[in-house]
>>> print(open('run_21.txt').read())   # compact mmCIF, C-alpha atoms
# COMPACT_ATOMS: atom_id res chain seq x y z
CA MET H 23 -41.61 66.51 55.59
CA LEU H 24 -42.87 69.45 57.63
CA GLY H 25 -44.43 70.95 54.50
CA GLN H 26 -46.26 67.68 53.78
CA GLN H 27 -47.59 67.55 57.34
CA ASN H 28 -48.85 71.13 57.09
CA ALA H 29 -50.52 70.35 53.76
CA ILE H 30 -52.26 67.31 55.27
CA LYS H 31 -53.45 69.37 58.24
CA THR H 32 -54.86 71.94 55.81
CA TYR H 33 -56.50 69.72 53.20
CA VAL H 34 -57.92 66.87 55.31
CA PRO H 35 -60.24 69.13 57.37
CA THR H 36 -61.33 70.99 54.23
CA LEU H 37 -62.12 67.73 52.44
CA PHE H 38 -64.03 66.45 55.45
CA PHE H 39 -66.08 69.66 55.68
CA TRP H 40 -66.95 69.58 51.97
CA VAL H 41 -67.81 65.88 51.93
CA PHE H 42 -69.97 66.16 55.04
CA GLY H 43 -71.60 69.23 53.50
CA PHE H 44 -72.23 67.32 50.28
CA PHE H 45 -73.98 64.60 52.27
CA ILE H 46 -76.33 67.24 53.72
CA LEU H 47 -76.87 69.15 50.48
CA VAL H 48 -77.75 66.13 48.38
CA GLN H 49 -80.70 65.34 50.66
CA TYR H 50 -82.61 68.27 49.16
CA LEU H 51 -82.37 67.43 45.48
CA VAL H 52 -81.66 63.70 45.07
CA SER H 53 -84.26 61.06 45.90
CA ALA H 54 -82.03 58.00 45.28
CA PRO H 55 -81.06 56.44 48.65
CA PHE H 56 -77.92 55.00 47.03
CA VAL H 57 -76.40 58.47 46.64
CA THR H 58 -76.63 59.39 50.33
CA THR H 59 -75.67 55.88 51.44
CA PHE H 60 -72.59 55.80 49.20
CA SER H 61 -71.51 59.34 50.12
CA PHE H 62 -71.71 58.53 53.83
CA TYR H 63 -69.98 55.14 53.94
CA ALA H 64 -67.46 55.68 51.13
CA LEU H 65 -66.62 59.36 51.64
CA VAL H 66 -67.65 60.76 55.02
CA LEU H 67 -66.45 57.89 57.23
CA PRO H 68 -62.90 57.55 55.80
CA LEU H 69 -62.40 61.30 55.98
CA LEU H 70 -63.84 61.37 59.50
CA ALA H 71 -61.15 58.92 60.63
CA CYS H 72 -58.44 61.05 58.98
CA PHE H 73 -59.93 64.22 60.44
CA ILE H 74 -59.91 62.83 64.00
CA TYR H 75 -56.27 61.78 63.64
CA VAL H 76 -55.00 64.96 61.98
CA ASN H 77 -56.92 67.44 64.14
CA ARG H 78 -56.41 65.51 67.35
CA ALA H 79 -60.17 65.51 67.87
CA GLN H 80 -59.92 62.53 70.21
CA PHE H 81 -60.62 64.90 73.09
CA LEU H 82 -64.27 64.93 71.98
CA PHE H 83 -64.56 61.35 73.20
CA ARG H 84 -63.86 62.67 76.70
CA GLU H 85 -66.61 65.31 76.59
CA PRO H 86 -69.27 64.03 79.05
CA ILE H 87 -72.24 64.77 76.76
CA VAL H 88 -70.56 63.13 73.74
CA LEU H 89 -69.55 60.14 75.84
CA GLY H 90 -73.11 59.87 77.14
CA PHE H 91 -74.60 59.66 73.66
CA LEU H 92 -71.95 57.20 72.47
CA LEU H 93 -72.71 54.98 75.46
CA LEU H 94 -76.40 55.22 74.54
CA PHE H 95 -75.63 54.01 71.01
CA THR H 96 -73.47 51.22 72.43
CA PHE H 97 -76.35 50.11 74.63
CA ILE H 98 -78.70 50.09 71.64
CA VAL H 99 -76.33 47.84 69.65
CA VAL H 100 -75.88 45.46 72.60
CA HIS H 101 -79.62 45.49 73.28
CA VAL H 102 -80.35 44.54 69.67
CA ALA H 103 -77.84 41.68 69.84
CA ILE H 104 -79.37 40.28 73.04
CA PHE H 105 -83.09 41.11 73.07
CA SER H 106 -84.24 41.61 69.48
CA GLU H 107 -85.72 38.72 67.55
CA GLY H 108 -85.27 37.98 63.85
CA PRO H 109 -82.57 39.56 61.63
CA LYS H 110 -80.32 41.80 63.72
CA GLY H 111 -77.74 42.96 61.20
CA LYS H 112 -79.88 45.87 59.95
CA TRP H 113 -80.38 47.32 63.43
CA ILE H 114 -76.78 46.82 64.51
CA LEU H 115 -75.63 48.62 61.35
CA ALA H 116 -78.18 51.36 62.04
CA GLY H 117 -76.83 51.80 65.57
CA PHE H 118 -73.21 52.08 64.47
CA SER H 119 -74.08 54.31 61.49
CA THR H 120 -76.17 56.75 63.51
CA ALA H 121 -73.45 56.97 66.17
CA LEU H 122 -70.85 57.77 63.50
CA PHE H 123 -73.08 60.41 61.90
CA PHE H 124 -73.70 61.96 65.32
CA PHE H 125 -69.97 62.15 65.97
CA SER H 126 -69.35 63.47 62.44
CA SER H 127 -71.78 66.32 63.05
CA VAL H 128 -70.14 67.13 66.41
CA CYS H 129 -66.72 67.29 64.69
CA PHE H 130 -68.09 69.39 61.85
CA PHE H 131 -69.71 72.03 64.03
CA SER H 132 -66.83 72.05 66.55
CA PHE H 133 -64.10 72.78 64.00
CA VAL H 134 -65.65 74.26 60.85
CA ASP H 135 -64.34 77.66 59.83
CA ARG H 136 -66.87 80.48 60.18
CA ARG H 137 -66.52 81.62 56.58
CA PHE H 138 -66.93 78.08 55.28
CA PHE H 139 -69.89 77.59 57.61
CA ASP H 140 -71.71 80.63 56.21
CA ARG H 141 -71.03 79.56 52.63
CA PHE H 142 -72.22 76.05 53.41
CA LEU H 143 -75.47 77.37 54.90
CA LEU H 144 -76.00 79.57 51.85
CA LEU H 145 -75.64 76.49 49.62
CA VAL H 146 -78.15 74.62 51.79
CA VAL H 147 -80.64 77.48 51.49
CA CYS H 148 -80.17 77.71 47.70
CA CYS H 149 -80.62 73.95 47.23
CA ALA H 150 -83.71 74.01 49.44
CA ALA H 151 -85.10 77.01 47.54
CA ALA H 152 -84.63 75.20 44.20
CA GLY H 153 -86.16 72.01 45.58
CA SER H 154 -89.15 73.75 47.14
CA ALA H 155 -89.79 75.85 44.01
CA PHE H 156 -89.74 72.71 41.87
CA SER H 157 -91.95 70.83 44.36
CA VAL H 158 -94.55 73.61 44.51
CA GLY H 159 -94.53 74.07 40.73
CA ARG H 160 -94.90 70.34 40.08
CA TYR H 161 -97.73 70.12 42.61
CA VAL H 162 -99.66 73.12 41.23
CA LEU H 163 -99.28 72.09 37.59
CA HIS H 164 -99.75 68.34 37.87
CA ASP H 165 -99.50 66.50 41.18
CA HIS H 166 -102.47 68.11 42.94
CA VAL H 167 -104.73 66.11 40.61
CA LEU H 168 -103.10 62.82 41.65
CA TYR H 169 -102.11 63.50 45.27
CA PRO H 170 -103.99 65.78 47.68
CA ARG H 171 -100.78 66.44 49.67
CA LEU H 172 -97.54 67.79 48.23
CA LEU H 173 -94.57 65.40 48.24
CA PRO H 174 -91.28 67.35 48.38
CA ILE H 175 -88.49 66.22 46.09
CA GLY H 176 -85.23 64.95 47.57
CA ARG H 177 -84.19 62.12 49.84
CA ALA H 178 -87.08 62.92 52.20
CA ASP H 179 -89.80 62.55 49.56
CA HIS H 180 -92.48 62.23 52.24
CA GLU H 181 -94.99 64.81 53.43
CA ILE H 182 -93.83 65.01 57.03
CA LEU H 183 -90.14 64.13 56.72
CA GLY H 184 -89.67 66.33 53.66
CA ALA H 185 -91.39 69.28 55.31
CA LEU H 186 -89.16 68.97 58.38
CA VAL H 187 -85.95 68.71 56.34
CA TYR H 188 -86.88 71.77 54.29
CA GLY H 189 -87.90 73.55 57.48
CA LEU H 190 -84.26 73.51 58.60
CA ALA H 191 -83.34 75.54 55.52
CA GLY H 192 -86.12 78.05 56.19
CA ILE H 193 -84.87 78.55 59.76
CA THR H 194 -81.33 78.97 58.42
CA CYS H 195 -82.47 82.00 56.41
CA LEU H 196 -82.94 83.89 59.68
CA TYR H 197 -79.30 83.33 60.61
CA LEU H 198 -78.07 84.43 57.18
CA TRP H 199 -80.30 87.52 57.36
CA GLN H 200 -78.35 89.00 60.27
CA ARG H 201 -75.01 88.12 58.61
CA THR H 202 -75.55 90.67 55.81
CA ALA H 203 -76.89 94.21 55.51
CA LYS H 204 -77.58 94.15 51.77
CA TRP H 205 -81.26 94.66 50.91
CA TYR H 206 -81.26 92.27 47.93
CA TRP H 207 -79.97 89.43 50.10
CA HIS H 208 -82.66 90.23 52.66
CA SER H 209 -85.31 90.19 49.94
CA MET H 210 -84.10 86.84 48.61
CA LEU H 211 -84.07 85.27 52.08
CA VAL H 212 -87.61 86.51 52.83
CA VAL H 213 -88.84 84.98 49.56
CA ILE H 214 -87.17 81.65 50.43
CA VAL H 215 -88.70 81.60 53.93
CA LEU H 216 -92.15 82.19 52.43
CA LEU H 217 -91.59 79.71 49.59
CA ILE H 218 -90.57 76.95 51.99
CA GLY H 219 -93.52 77.89 54.21
CA ILE H 220 -95.93 77.55 51.27
CA MET H 221 -94.44 74.17 50.42
CA ILE H 222 -94.81 72.97 54.02
CA LEU H 223 -98.40 74.24 54.06
CA LEU H 224 -99.17 72.30 50.87
CA THR H 225 -97.87 69.08 52.44
CA GLN H 226 -100.80 69.50 54.85
CA SER H 227 -98.68 68.04 57.64
CA ARG H 228 -99.76 69.58 60.89
CA THR H 229 -96.64 69.05 63.00
CA PRO H 230 -94.24 70.59 60.42
CA ILE H 231 -96.62 73.53 59.87
CA ALA H 232 -96.90 74.26 63.58
CA VAL H 233 -93.20 73.71 64.30
CA TYR H 234 -92.05 75.80 61.32
CA GLY H 235 -94.32 78.66 62.31
CA PHE H 236 -93.14 78.51 65.91
CA CYS H 237 -89.41 78.31 65.05
CA ILE H 238 -89.60 81.12 62.49
CA SER H 239 -91.45 83.33 64.99
CA ALA H 240 -89.00 82.50 67.78
CA GLY H 241 -86.05 83.03 65.44
CA LEU H 242 -87.29 86.46 64.41
CA LEU H 243 -87.38 87.50 68.06
CA LEU H 244 -84.09 85.88 69.08
CA PHE H 245 -82.03 87.17 66.15
CA SER H 246 -83.50 90.66 66.26
CA LYS H 247 -82.06 93.48 68.34
CA LYS H 248 -85.52 95.12 68.38
CA PRO H 249 -88.07 92.31 68.97
CA ILE H 250 -90.99 94.71 69.51
CA ARG H 251 -90.38 96.22 66.08
CA VAL H 252 -90.28 92.72 64.58
CA LEU H 253 -93.61 91.85 66.19
CA GLY H 254 -95.12 94.99 64.71
CA LEU H 255 -93.82 94.19 61.23
CA VAL H 256 -95.16 90.63 61.48
CA ALA H 257 -98.56 91.96 62.54
CA ILE H 258 -98.61 94.39 59.60
CA ALA H 259 -97.55 91.64 57.18
CA SER H 260 -100.26 89.31 58.53
CA LEU H 261 -102.89 92.03 58.14
CA GLY H 262 -101.70 92.70 54.60
CA PHE H 263 -101.91 89.00 53.75
CA ALA H 264 -105.44 88.82 55.17
CA ILE H 265 -106.50 91.80 53.02
CA PHE H 266 -104.83 90.23 49.99
CA LEU H 267 -106.85 87.04 50.53
CA LEU H 268 -110.03 89.04 51.00
CA PHE H 269 -109.70 90.48 47.50
CA ASN H 270 -108.53 87.22 45.88
CA PRO H 271 -111.38 84.68 46.09
CA SER H 272 -109.44 82.26 43.88
CA LEU H 273 -107.00 81.66 46.75
CA GLN H 274 -109.65 81.32 49.44
CA LEU H 275 -110.98 77.97 48.23
CA PRO H 276 -107.60 76.13 48.20
CA LEU H 277 -106.73 77.50 51.65
CA LYS H 278 -110.15 76.50 52.96
CA HIS H 279 -109.63 73.00 51.54
CA ILE H 280 -106.25 72.71 53.29
CA PHE H 281 -107.69 73.97 56.58
CA VAL H 282 -110.62 71.52 56.42
CA SER H 283 -108.24 68.69 55.54
CA LEU H 284 -106.10 69.44 58.58
CA LEU H 285 -109.15 69.27 60.86
CA GLU H 286 -110.78 66.22 59.26
CA ARG H 287 -107.80 63.92 59.90
CA GLY H 288 -108.35 64.19 63.65
CA ASP H 289 -105.48 62.62 65.60
CA SER H 290 -104.49 60.39 62.63
CA TYR H 291 -104.64 57.34 64.92
CA ARG H 292 -101.86 58.74 67.11
CA LEU H 293 -103.80 58.25 70.36
CA PHE H 294 -104.62 54.65 69.41
CA LEU H 295 -100.94 53.91 68.67
CA TRP H 296 -99.74 55.67 71.83
CA GLN H 297 -102.17 53.66 73.95
CA GLN H 298 -100.89 50.44 72.41
CA ALA H 299 -97.30 51.49 73.02
CA ILE H 300 -97.97 52.31 76.67
CA GLU H 301 -99.63 48.92 77.22
CA LYS H 302 -96.62 47.11 75.74
CA ILE H 303 -94.21 49.25 77.76
CA GLN H 304 -96.03 48.20 80.94
CA GLN H 305 -95.52 44.55 79.98
CA HIS H 306 -91.73 44.91 79.62
CA PRO H 307 -90.74 48.14 81.41
CA TRP H 308 -87.07 47.42 82.16
CA PHE H 309 -85.53 46.16 78.92
CA GLY H 310 -88.30 46.89 76.45
CA ASN H 311 -89.79 44.74 73.75
CA GLY H 312 -86.90 44.79 71.26
CA MET H 313 -86.41 46.77 68.07
CA GLN H 314 -88.47 44.33 66.00
CA THR H 315 -91.69 45.07 67.91
CA ARG H 316 -94.60 46.20 65.76
CA LEU H 317 -97.90 47.65 66.89
CA ILE H 318 -101.29 46.72 65.44
CA SER H 319 -101.84 49.07 62.52
CA PRO H 320 -105.32 50.67 62.57
CA ILE H 321 -105.24 51.23 58.78
CA GLY H 322 -103.01 48.44 57.45
CA SER H 323 -100.29 50.88 56.43
CA PRO H 324 -96.63 49.87 56.96
CA SER H 325 -95.93 53.33 58.38
CA ALA H 326 -98.56 52.87 61.13
CA TYR H 327 -96.89 50.00 62.99
CA ASN H 328 -94.76 52.30 65.20
CA PRO H 329 -95.80 54.72 67.97
CA HIS H 330 -95.10 57.90 65.94
CA ASN H 331 -93.44 59.33 69.04
CA ILE H 332 -89.70 58.94 69.42
CA TYR H 333 -89.81 59.15 73.23
CA LEU H 334 -92.49 56.48 73.59
CA ALA H 335 -90.73 54.42 70.91
CA THR H 336 -87.49 54.46 72.90
CA ALA H 337 -89.28 53.16 76.00
CA LEU H 338 -91.19 50.60 73.90
CA TYR H 339 -88.15 49.15 72.16
CA LEU H 340 -85.38 49.69 74.72
CA GLY H 341 -87.09 50.06 78.10
CA ILE H 342 -88.00 52.90 80.45
CA PRO H 343 -84.48 53.28 82.00
CA CYS H 344 -82.97 53.79 78.53
CA ALA H 345 -85.71 56.29 77.64
CA LEU H 346 -84.99 58.24 80.84
CA VAL H 347 -81.26 58.35 80.03
CA PHE H 348 -82.11 59.54 76.53
CA ILE H 349 -84.40 62.28 77.88
CA PHE H 350 -81.69 63.32 80.36
CA LEU H 351 -79.14 63.69 77.53
CA ILE H 352 -81.68 65.68 75.50
CA GLY H 353 -82.31 67.89 78.53
CA TRP H 354 -78.55 68.49 78.73
CA CYS H 355 -78.59 69.69 75.12
CA VAL H 356 -81.54 71.98 75.89
CA TYR H 357 -79.50 73.45 78.75
CA PHE H 358 -76.61 74.17 76.35
CA SER H 359 -79.08 75.81 73.98
CA LEU H 360 -80.44 78.07 76.71
CA GLN H 361 -76.88 79.09 77.58
CA ALA H 362 -76.21 80.01 73.95
CA ILE H 363 -79.44 82.03 73.73
CA LEU H 364 -78.66 83.96 76.91
CA ALA H 365 -75.11 84.61 75.67
CA ARG H 366 -76.56 85.86 72.33
CA ARG H 367 -74.32 83.54 70.30
CA LYS H 368 -75.79 83.59 66.78
CA LYS H 369 -74.70 80.06 65.84
CA GLY H 370 -75.94 78.85 69.20
CA ILE H 371 -79.35 80.40 68.56
CA LEU H 372 -79.52 78.69 65.16
CA ALA H 373 -78.57 75.38 66.79
CA ALA H 374 -81.26 75.91 69.43
CA LEU H 375 -83.91 76.50 66.75
CA PHE H 376 -82.82 73.35 64.89
CA LEU H 377 -83.02 71.41 68.16
CA CYS H 378 -86.45 72.86 68.91
CA GLN H 379 -87.82 71.62 65.59
CA GLY H 380 -86.27 68.19 66.05
CA LEU H 381 -87.49 67.66 69.60
CA LEU H 382 -91.02 68.95 68.93
CA SER H 383 -91.39 66.83 65.81
CA GLY H 384 -90.42 63.80 67.88
CA ILE H 385 -93.64 64.14 69.90
CA THR H 386 -95.85 63.09 66.97
CA ASP H 387 -93.42 61.41 64.56
CA HIS H 388 -90.35 59.19 64.08
CA ALA H 389 -90.18 55.48 64.79
CA GLN H 390 -86.80 54.85 66.48
CA LEU H 391 -83.54 56.50 67.49
CA VAL H 392 -81.27 54.73 65.01
CA LYS H 393 -81.56 54.31 61.27
CA VAL H 394 -79.34 53.87 58.24
CA PRO H 395 -78.60 57.10 56.27
CA GLY H 396 -81.85 58.99 55.89
CA PRO H 397 -83.95 62.05 56.81
CA LEU H 398 -84.08 61.22 60.55
CA TRP H 399 -80.39 62.08 60.77
CA LEU H 400 -80.96 65.61 59.50
CA ILE H 401 -84.15 66.18 61.47
CA PHE H 402 -83.03 64.79 64.82
CA TRP H 403 -79.32 63.95 65.12
CA LEU H 404 -77.82 66.84 63.14
CA PRO H 405 -79.37 69.44 65.52
CA ILE H 406 -78.10 67.51 68.55
CA GLY H 407 -74.61 67.36 67.06
CA PHE H 408 -74.87 71.06 66.17
CA VAL H 409 -75.78 72.05 69.74
CA ILE H 410 -72.96 69.98 71.23
CA GLY H 411 -70.42 71.14 68.64
CA GLU H 412 -71.31 74.79 69.19
CA HIS H 413 -71.00 74.31 72.95
CA VAL H 414 -67.57 72.65 72.60
CA ARG H 415 -66.46 75.45 70.28
CA ALA H 416 -67.56 78.07 72.79
CA LEU H 417 -65.56 76.35 75.54
CA ARG H 418 -62.45 76.19 73.34
CA THR H 419 -62.59 79.90 72.51
CA LYS H 420 -62.95 81.13 76.09
>>> encode(input="run_21.txt", output="structure tokens")
Amino acid sequence: MLGQQNAIKTYVPTLFFWVFGFFILVQYLVSAPFVTTFSFYALVLPLLACFIYVNRAQFLFREPIVLGFLLLFTFIVVHVAIFSEGPKGKWILAGFSTALFFFSSVCFFSFVDRRFFDRFLLLVVCCAAAGSAFSVGRYVLHDHVLYPRLLPIGRADHEILGALVYGLAGITCLYLWQRTAKWYWHSMLVVIVLLIGIMILLTQSRTPIAVYGFCISAGLLLFSKKPIRVLGLVAIASLGFAIFLLFNPSLQLPLKHIFVSLLERGDSYRLFLWQQAIEKIQQHPWFGNGMQTRLISPIGSPSAYNPHNIYLATALYLGIPCALVFIFLIGWCVYFSLQAILARRKKGILAALFLCQGLLSGITDHAQLVKVPGPLWLIFWLPIGFVIGEHVRALRTK
């Protein structure tokens, strides 16, 4: 009996880690929503329940920051049931599902073995490299004639969402860089960072381009023991790239086209949508307008009925008090990230960079806090779970 119990304690966590990892990995290469939906509900959730029981992870429910987010999800579900009009089942399911994914990510990053974690990240980077190489190749050879902006392959087959999901893999390369001293691994990781950067540039999505550039630059400084040397190398590389462009006129025209395209789109109706959202918030400041609220689309596109700002969207749908609680919880996570950076914890720095990308992207994108399995979970909730899990892990190892 004791042997069976030990086997269960060994295999259940391993199965949970691999299944959760599979759910993340498949986002990069598979576009069918059914695959991610099935893997989450049929595989991740049952193993999550077993994992909590076997590893006695119930203590996570008593962590103040975890409890705060779970209460936020509970409020969203209750709010939908009371204040939202029309069909409510979709939003209630989205609330429960997002809460369970959030808790799954906290469990994963709190308990995952370091060796497994590094291998998992390497798989993520390899999948992202394959996906970005295929996306760039398909765009250059065929798609650029049909679509002016690159559409990444995978679950997030959308310019902005896809660029942000792939951006996580590019940032991960910086963490893996300092985990090895072998030159060929360094060379491969540099190529992947640049390849993902090229893919993000070809999506012509301004927020992902700016956020990726900022996070990669910050990561180079934070992971490096000699930041001044890194700045010098970056300056030399930038000068070399500028000289390379100077002597390659064939590349100047496409880059000029991308640059002009970025400027010509202006604010992409963001200011118009934000103004609408603020006016509606003022009408119902306390309990919001409900999750079914839609703004007046300036271009008739289904994607332009939401504020494209997750903080304004929270106040619009759920009310200002809920938005303030949400911002307070986010601020708590930022505080944990700053602690990890000051303590020079490598995983904590990676989590902070993930969180930085997620929070900055929320200023100009994302429609609501909760959704059924999809890219928002990786872009926004996975980094939050990562930060909390890394913080809990640090407390347990003191």
>>> atom_distance(input="run_21.txt", atom1="CA of Leu295 in chain H", atom2="CA of Phe124 in chain H")
28.6 Å
>>> residues_near_point(input="run_21.txt", point="(-90.6, 73.0, 42.2)", cutoff="12 Å", atoms="all atoms listed in the file", output="PyMOL selection string")
chain H and resi 50-51+149-165+172-176+217-218+220-221
>>> write_last_selection(input="run_21.txt", atoms="C-alpha atoms", output="mmCIF file, keeping the file's coordinate frame")
data_model
loop_
_atom_site.group_PDB
_atom_site.id
_atom_site.type_symbol
_atom_site.label_atom_id
_atom_site.label_comp_id
_atom_site.auth_asym_id
_atom_site.auth_seq_id
_atom_site.Cartn_x
_atom_site.Cartn_y
_atom_site.Cartn_z
ATOM 1 C CA TYR H 50 -82.610 68.270 49.160
ATOM 2 C CA LEU H 51 -82.370 67.430 45.480
ATOM 3 C CA CYS H 149 -80.620 73.950 47.230
ATOM 4 C CA ALA H 150 -83.710 74.010 49.440
ATOM 5 C CA ALA H 151 -85.100 77.010 47.540
ATOM 6 C CA ALA H 152 -84.630 75.200 44.200
ATOM 7 C CA GLY H 153 -86.160 72.010 45.580
ATOM 8 C CA SER H 154 -89.150 73.750 47.140
ATOM 9 C CA ALA H 155 -89.790 75.850 44.010
ATOM 10 C CA PHE H 156 -89.740 72.710 41.870
ATOM 11 C CA SER H 157 -91.950 70.830 44.360
ATOM 12 C CA VAL H 158 -94.550 73.610 44.510
ATOM 13 C CA GLY H 159 -94.530 74.070 40.730
ATOM 14 C CA ARG H 160 -94.900 70.340 40.080
ATOM 15 C CA TYR H 161 -97.730 70.120 42.610
ATOM 16 C CA VAL H 162 -99.660 73.120 41.230
ATOM 17 C CA LEU H 163 -99.280 72.090 37.590
ATOM 18 C CA HIS H 164 -99.750 68.340 37.870
ATOM 19 C CA ASP H 165 -99.500 66.500 41.180
ATOM 20 C CA LEU H 172 -97.540 67.790 48.230
ATOM 21 C CA LEU H 173 -94.570 65.400 48.240
ATOM 22 C CA PRO H 174 -91.280 67.350 48.380
ATOM 23 C CA ILE H 175 -88.490 66.220 46.090
ATOM 24 C CA GLY H 176 -85.230 64.950 47.570
ATOM 25 C CA LEU H 217 -91.590 79.710 49.590
ATOM 26 C CA ILE H 218 -90.570 76.950 51.990
ATOM 27 C CA ILE H 220 -95.930 77.550 51.270
ATOM 28 C CA MET H 221 -94.440 74.170 50.420
#
>>> closest_residue(input="run_21.txt", among="H:Phe45, H:Ile182, H:Leu198, H:Thr36", to="Phe138 in chain H", atoms="all atoms listed in the file")
H:Thr36
>>> residues_around(input="run_21.txt", residues="Gly407 in chain H", least_positions_apart="6", cutoff="9 Å", atoms="all atoms listed in the file", output="ChimeraX atom specification")
/H:88,123-131,373
>>> atom_distance(input="run_21.txt", atom1="CA of Val34 in chain H", atom2="CA of Val57 in chain H")
22.1 Å
>>> residues_around(input="run_21.txt", residues="Gly117 in chain H", least_positions_apart="4", cutoff="12 Å", atoms="all atoms listed in the file", output="list in words")
Phe91, Leu92, Leu93, Leu94, Phe95, Thr96, Phe97, Ile98, Val99, Val100, His101, Val102, Ala103, Lys110, Gly111, Lys112, Trp113, Ala121, Leu122, Phe123, Phe124, Met313, Gln390, Leu391, Val392, Lys393, Val394, Pro395 and Trp399 of chain H
>>> atom_distance(input="run_21.txt", atom1="CA of Gly384 in chain H", atom2="CA of Ile342 in chain H")
16.8 Å
>>> residues_near_point(input="run_21.txt", point="(-55.9, 70.4, 66.9)", cutoff="12 Å", atoms="only C-alpha atoms", output="VMD selection string")
chain H and resid 31 to 32 35 73 to 82 129 132 to 133 418
>>> closest_residue(input="run_21.txt", among="H:Trp199, H:Leu244, H:Ile193, H:Gly235", to="Ile363 in chain H", atoms="all atoms listed in the file")
H:Leu244
>>> residues_around(input="run_21.txt", residues="Ile87 in chain H", least_positions_apart="4", cutoff="8 Å", atoms="all atoms listed in the file", output="ChimeraX atom specification")
/H:91,351,354,410
>>> closest_residue(input="run_21.txt", among="H:Leu398, H:Ala232, H:Leu404, H:Ile214", to="Gly43 in chain H", atoms="all atoms listed in the file")
H:Leu404
